[in-house]
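So the structure is just underneath, and the comments pick up after that.
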Amino acid sequence: MATESIRLNASEAPSDIFPLRSCSLLPAPFSAAYRTTNRFTSVNAARHVAPCSAVTGLFACPAFMKLWSQFFIPTLKESPADAEIASHKLLVRAGLVRKLSGGLYTYMPLGLRVIHKLTQMCREELDAAGAIELWMPHVHPAELWQQGPRWAAAREIMFRADSAGEGKRASREPEFVLGPTHEEVITPLVKAEITSYRDLPKNFYQIATKFRNEIRPRYGLMRAREFIMMDAYSFDANDDGAIRSYHAMKTAYESFFRRVGVQAIAVEADTGVMGGSYSHEFMVPAEVGDDDVIYNEASGYAANREKATSGLVPADLADAAPAGAVEEFATPGVVTIAALEQAPYSVPADRQFKTLVFIGDGKPFLVILRGSDELEEAKLGSLGFGLHRPATPDEIVPVLGAKPGSLGAVKGTIKEPAALAGVFADHAVRLIGNGTTGANKDGFHLRNVNVTRDLAVTKFGDFRRVRPGEPDVKSGQPLQVRRGIEVGHIFKLGTKYAEKFGAAYTDGQKQSQLMVMGCYGIGISRTMQAVIEQSHDADGIVWPWNSAPFQVLVCVLDPQVPEAMEVAKKLAAAAERAGADVLVDDRAERPGVKFKDADLIGIPLRLTIGGKGLKEGIIELKWRNQKDVAKVPLAEAEARVAVAVAEGSGR
RNA sequence: CGGGGCGUAGCUUAGCCUGGUAGAGCGCUACGUUCGGGACGUAGAGGUCGUGGGUUCGAAUCCCACCGCCCCGACCA
C-alpha cells in the first residue's frame, strides 16, 4: 500500500538531475522527506510553470517547511585555513560544501539545494530555447577520444578510469577515461541516430558532473577537479542554422544568469582547444576572477584578454622604406631586450624585434613581436598547430645557429630555414619599420632591419597581448581591463567534429552533408560560488531570491514557547502558499547565535518571532539585503508575508 | 609542471629558532546561572604532532625522503 502511494509521488515529483534516484526503494516514512527535498524544483519555478497551489494541493500544508533542528547546516564561526577568498570561506562557513581533497567537494544539504535551484532554472531556460535534455555516460572508452581531434591536448587534463584491480597490470595507455566534456560521445551518437535534414536542427544537453584533472585546483568550487556543468551540443544543417542556434543559446544564457541573479557579461573569447570559429564567454565581474576582460564601455566592446585586439596598428599603415643597409654590430653578453636598451646600444624596446621559437606539432616555427610587446600565447591557436610549446635552447641552436638572446628572422641569417614551419610576425612589428634584431650569431645584433625588405615573414597576424589604454578598434577610446569569473561559454564549432566522426545527413537533394555543430557550457557549481562572490557582505552570503536554498527563514527565538511555534508554522505555511521555500529555525540556541547564522547563510527574507514581540502582538520582517526591520502586527502577518514573498520573487 | 609557503584534537592555532610534561580558543558532553546580535561558571571527553627513515640517552622541535594542502605562474566552466 505504502509502496503504491510512494510510486505515485515519485511520478508526480519533478524530474531530478539524478534520474535513478527512484523513490520506490524508500521506506514509507521517507516519502515525505523525498517530497520535501524535491518540491522546490517547481516552487522556485512558480512563475514559469504550474502555480504552487497545484503542487501543495497534493499534500497537506505545511508539509514542506524544514525545521533547522532536523536539517543539517553545520556553520562555522571561523574560516577554514585553506580558504583565501570570500566566496570560498562562505561556502564552507555557511555549511554549503565540505572538502574531500583538493578540488573535490561534497555538496552539503544546503549547498545541494542551491545546485538544484540553479540546475532547474538552467533546465527551464534551455527547454524554453528548444534544447532537449539527455544523459550520457561519464566513463568514456579512451578509443573514442583517440579518434577525436583533440586527444593529444585534452588527455593532459583527463582522468583515466582503468581497472584498479591488482591482478591487472596497468596498461600504458588508458582504456577508459572520465569525461571532461562530451563532444566525443554526442557526435557519434548523433551520427548514428540522425541521417536526414528533416531531423535537424537538434540541440542536446545534460546537466551533470565533469571530470578534469586540473593542474591546479583553486578557490573551492571555482576550479575543481570534479564539477557540475550544463553542456549542450547543437547540430544544424548549415552555417546559418548553426548561427541561429548559437544566438538562441546566447539568449538562453542571458535569461538564465538574469534569473539566477548574477551579473554575467558576454565577452568575445578565444576558442582554445575546442577549436571552432567563434565564441563568447559569460563573465561575472570579480576581482578574484581568473580572466582579464578587455572592454570599452562606450562601444560595448568586451573580449577575453586571450582574444582581445586593439586599434594600435592603423589599418592604413604604410610600410616604412628601408633606412639603410643592414649592419651587424657586436653585443657581447647582451641576451635580453632590456640589456639592449641600455647604453652603449640604447635601442628602445619598441624599436627591437623579439624572436620567439616554438615547436608546433614537432616542427619549429618563429614568432616575431616588438621588443616591448608580450606574446598572447593563446593567439598562436590560429596558426593551426594541434600542439605547440616553447622550444628549448637545444632545439633552437641547430635551426637558427645561435642561442636565445641573439635570434632574429632576417633572411639569410637563419641556419636551416627549410626546417621551419613558418615565421609569423605580429602586425605591430610594422610600426617599427626599421629596427634591431638578433643576428643568429651569438653576441651580435643587426640594425637597419626593414620589416618588408629583410624579415623572412611567412604571415602577419595578431599575436600580441593587448594593453589597457590602447585604442578600441570600434570607438578609438582607450580600452580598460577588469577581472572576471568565467561561468559560461558558447562556441560555434563548425564541422570539425562532424568531419572526424562522420556526422553527416542527407539533404533535400539527396546529397550527403556534414552537420554544423555548436557547443555550450555553464559551470553550475562555479556559478554558485560566483553568485556568492558577487553577493555577500561582512556578515555572510546575501542570496538572490531565485538561487537561495530557502527564500524565507522563520527565526523562532523562543521555540520552547508553544504559541511562538504555532505562529511560526502559520507564517511558514503562508510563505509556502505564496511560493517560497521555508526554513524554520527552531533550535534551542540563544538569539545571537540564530541571528549570526541567519546572516551567514543569507536567506533573503527573515521573519523573527520572539517572546518580546509576541507580547506586543508583532513579528518582525527583515530583508537580508536591507538594514531596517519592519514590525508587523500578528493579525496582518500572514498577508504581509504573502506580499513580501511576491515582492521577493519579482511578482 | 616550475617557484614560494604550510601540515599539532572536528575547526582556528601556540609550542619548533635554542631537543626534555603537547597547551589554548571555538565546537562537543554533563550540570548550573543566563537568554533580542556568536553568554558565563564548573566538570569532562577528544592528539599515530602528515608518513617513513636518520641524528640523539631523549625528537612536534634538528636532518633526509615521500605524501598532502594552500598561494603565484601556464590551462579551463
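In the C-alpha cells, the first chain shown is A, the next is B, and so on; residue numbers restart at 1 for each chain, and ligands run from 1 in the order shown.
Counting only C-alpha atoms (C1' of nucleotides), segment 620-625 of chain A has the following residues at most 8 Å away, ignoring those fewer than 5 positions along the same chain: Val542, Asp599, Gly602, Ile603, Pro604, Leu605, Arg606, Leu607, Thr608, Ile609, Gly613, Ala630, Lys631 and Val632 of chain A.
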**OP:** Write down as number ranges by chain the residues of segment 165-240 of chain A whose backbone DSSP state falls under strand (DSSP E).
**Re:** A: 176-178, 202-211, 226-236
Per residue of chain B within 7 Å of chain A, what are the shortest atom pair and its distance in Å to one decimal, counting only C-alpha atoms (C1' of nucleotides), with rows by chain and residue number, as a tab-separated table?
residue	atom	partner	partner_atom	distance
B:U12	C1'	A:Glu78	CA	6.5
B:C35	C1'	A:Arg590	CA	6.1
B:G36	C1'	A:Pro591	CA	6.0
B:G37	C1'	A:Gly592	CA	4.3
B:G38	C1'	A:Val593	CA	4.9
B:C70	C1'	A:Asp82	CA	5.6
B:A77	C1'	A:Gly523	CA	4.2
Segment 89-100 of chain A surroundings by only C-alpha atoms (C1' of nucleotides), 6 Å radius, close-in-sequence under 2 positions cut, as a PDB file with C-alpha atoms, in the first residue's frame:
ATOM      1  CA  ILE A  73      23.533  23.089   8.355  1.00  0.00           C
ATOM      2  CA  PRO A  74      26.955  22.909  10.003  1.00  0.00           C
ATOM      3  CA  THR A  75      28.004  26.557  10.199  1.00  0.00           C
ATOM      4  CA  LEU A  76      31.424  27.652  11.327  1.00  0.00           C
ATOM      5  CA  SER A  79      37.065  30.387   8.201  1.00  0.00           C
ATOM      6  CA  ALA A  83      40.218  29.339   2.056  1.00  0.00           C
ATOM      7  CA  ALA A  86      35.330  35.480   0.479  1.00  0.00           C
ATOM      8  CA  SER A  87      33.110  33.141  -1.516  1.00  0.00           C
ATOM      9  CA  LEU A 104      36.885  17.670  -4.691  1.00  0.00           C
ATOM     10  CA  TYR A 105      33.901  18.795  -2.676  1.00  0.00           C
ATOM     11  CA  THR A 106      30.824  17.329  -1.057  1.00  0.00           C
ATOM     12  CA  TYR A 107      27.714  19.389  -1.624  1.00  0.00           C
ATOM     13  CA  MET A 108      26.128  19.524   1.797  1.00  0.00           C
ATOM     14  CA  LEU A 110      22.055  23.321   1.927  1.00  0.00           C
ATOM     15  CA  GLY A 111      24.535  23.610  -0.940  1.00  0.00           C
ATOM     16  CA  LEU A 600      25.728  33.848   7.388  1.00  0.00           C
ATOM     17  CA  ILE A 601      23.554  31.526   5.348  1.00  0.00           C
TER      18      ILE A 601
END
Original post:
Counting only C-alpha atoms (C1' of nucleotides), what is within 9 Å of Gly476 of chain A, bar same-chain residues fewer than 4 positions away, as a list in words?
Top reply: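 What passes the distance filter is Ser299, Ser310, Gly311, Glu470, Pro471 and Asp472 of chain A.
Considering the residues A:Leu446, A:Val293, A:Ile414, A:Ala164 and counting only C-alpha atoms, Arg351 of chain A has its shortest atom-to-atom contact with A:Leu446.
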**OP:** Can you pull out every residue within 8 Å of Asp373 of chain A, counting only C-alpha atoms (C1' of nucleotides), but drop anything in the same chain fewer than 4 positions away, and send it as JSON, numbers by chain?
**Re:** {"A": [350, 369, 464, 465]}
Writer output for current selection, C-alpha atoms, as a PDB file, in the first residue's frame:
ATOM      1  CA  ASP A 350      59.716  49.265 -29.252  1.00  0.00           C
ATOM      2  CA  LEU A 369      56.972  40.675 -31.873  1.00  0.00           C
ATOM      3  CA  ARG A 464      50.497  40.275 -29.047  1.00  0.00           C
ATOM      4  CA  ARG A 465      48.773  40.835 -25.764  1.00  0.00           C
TER       5      ARG A 465
END
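The helix (DSSP H, G or I) portion of segment 570-617 of chain A consists of Lys570, Leu571, Ala572, Ala573, Ala574, Ala575, Glu576, Arg577, Pro591, Gly592, Val593, Lys594, Phe595, Lys596, Asp597, Ala598, Asp599, Leu600, Ile601, Gly611, Lys612, Gly613, Leu614, Lys615 and Glu616 of chain A, with states taken from DSSP on the backbone.
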Original post:
Contacts of segment 635-651 of chain A at 8 Å or less, counting only C-alpha atoms (C1' of nucleotides), minus same-chain residues fewer than 2 places along, as a PyMOL selection string?
Top reply: chain A and resi 545-546+570-571+574-575+577-580+604-605+619+632-633
**OP:** Excluding segment 30-32 of chain B and residues on its chain fewer than 3 positions from it, collect all residues at most 9 Å away from it, counting only C-alpha atoms (C1' of nucleotides), and give them as a list in words.
**Re:** G41, U42, A43 and G44 of chain B
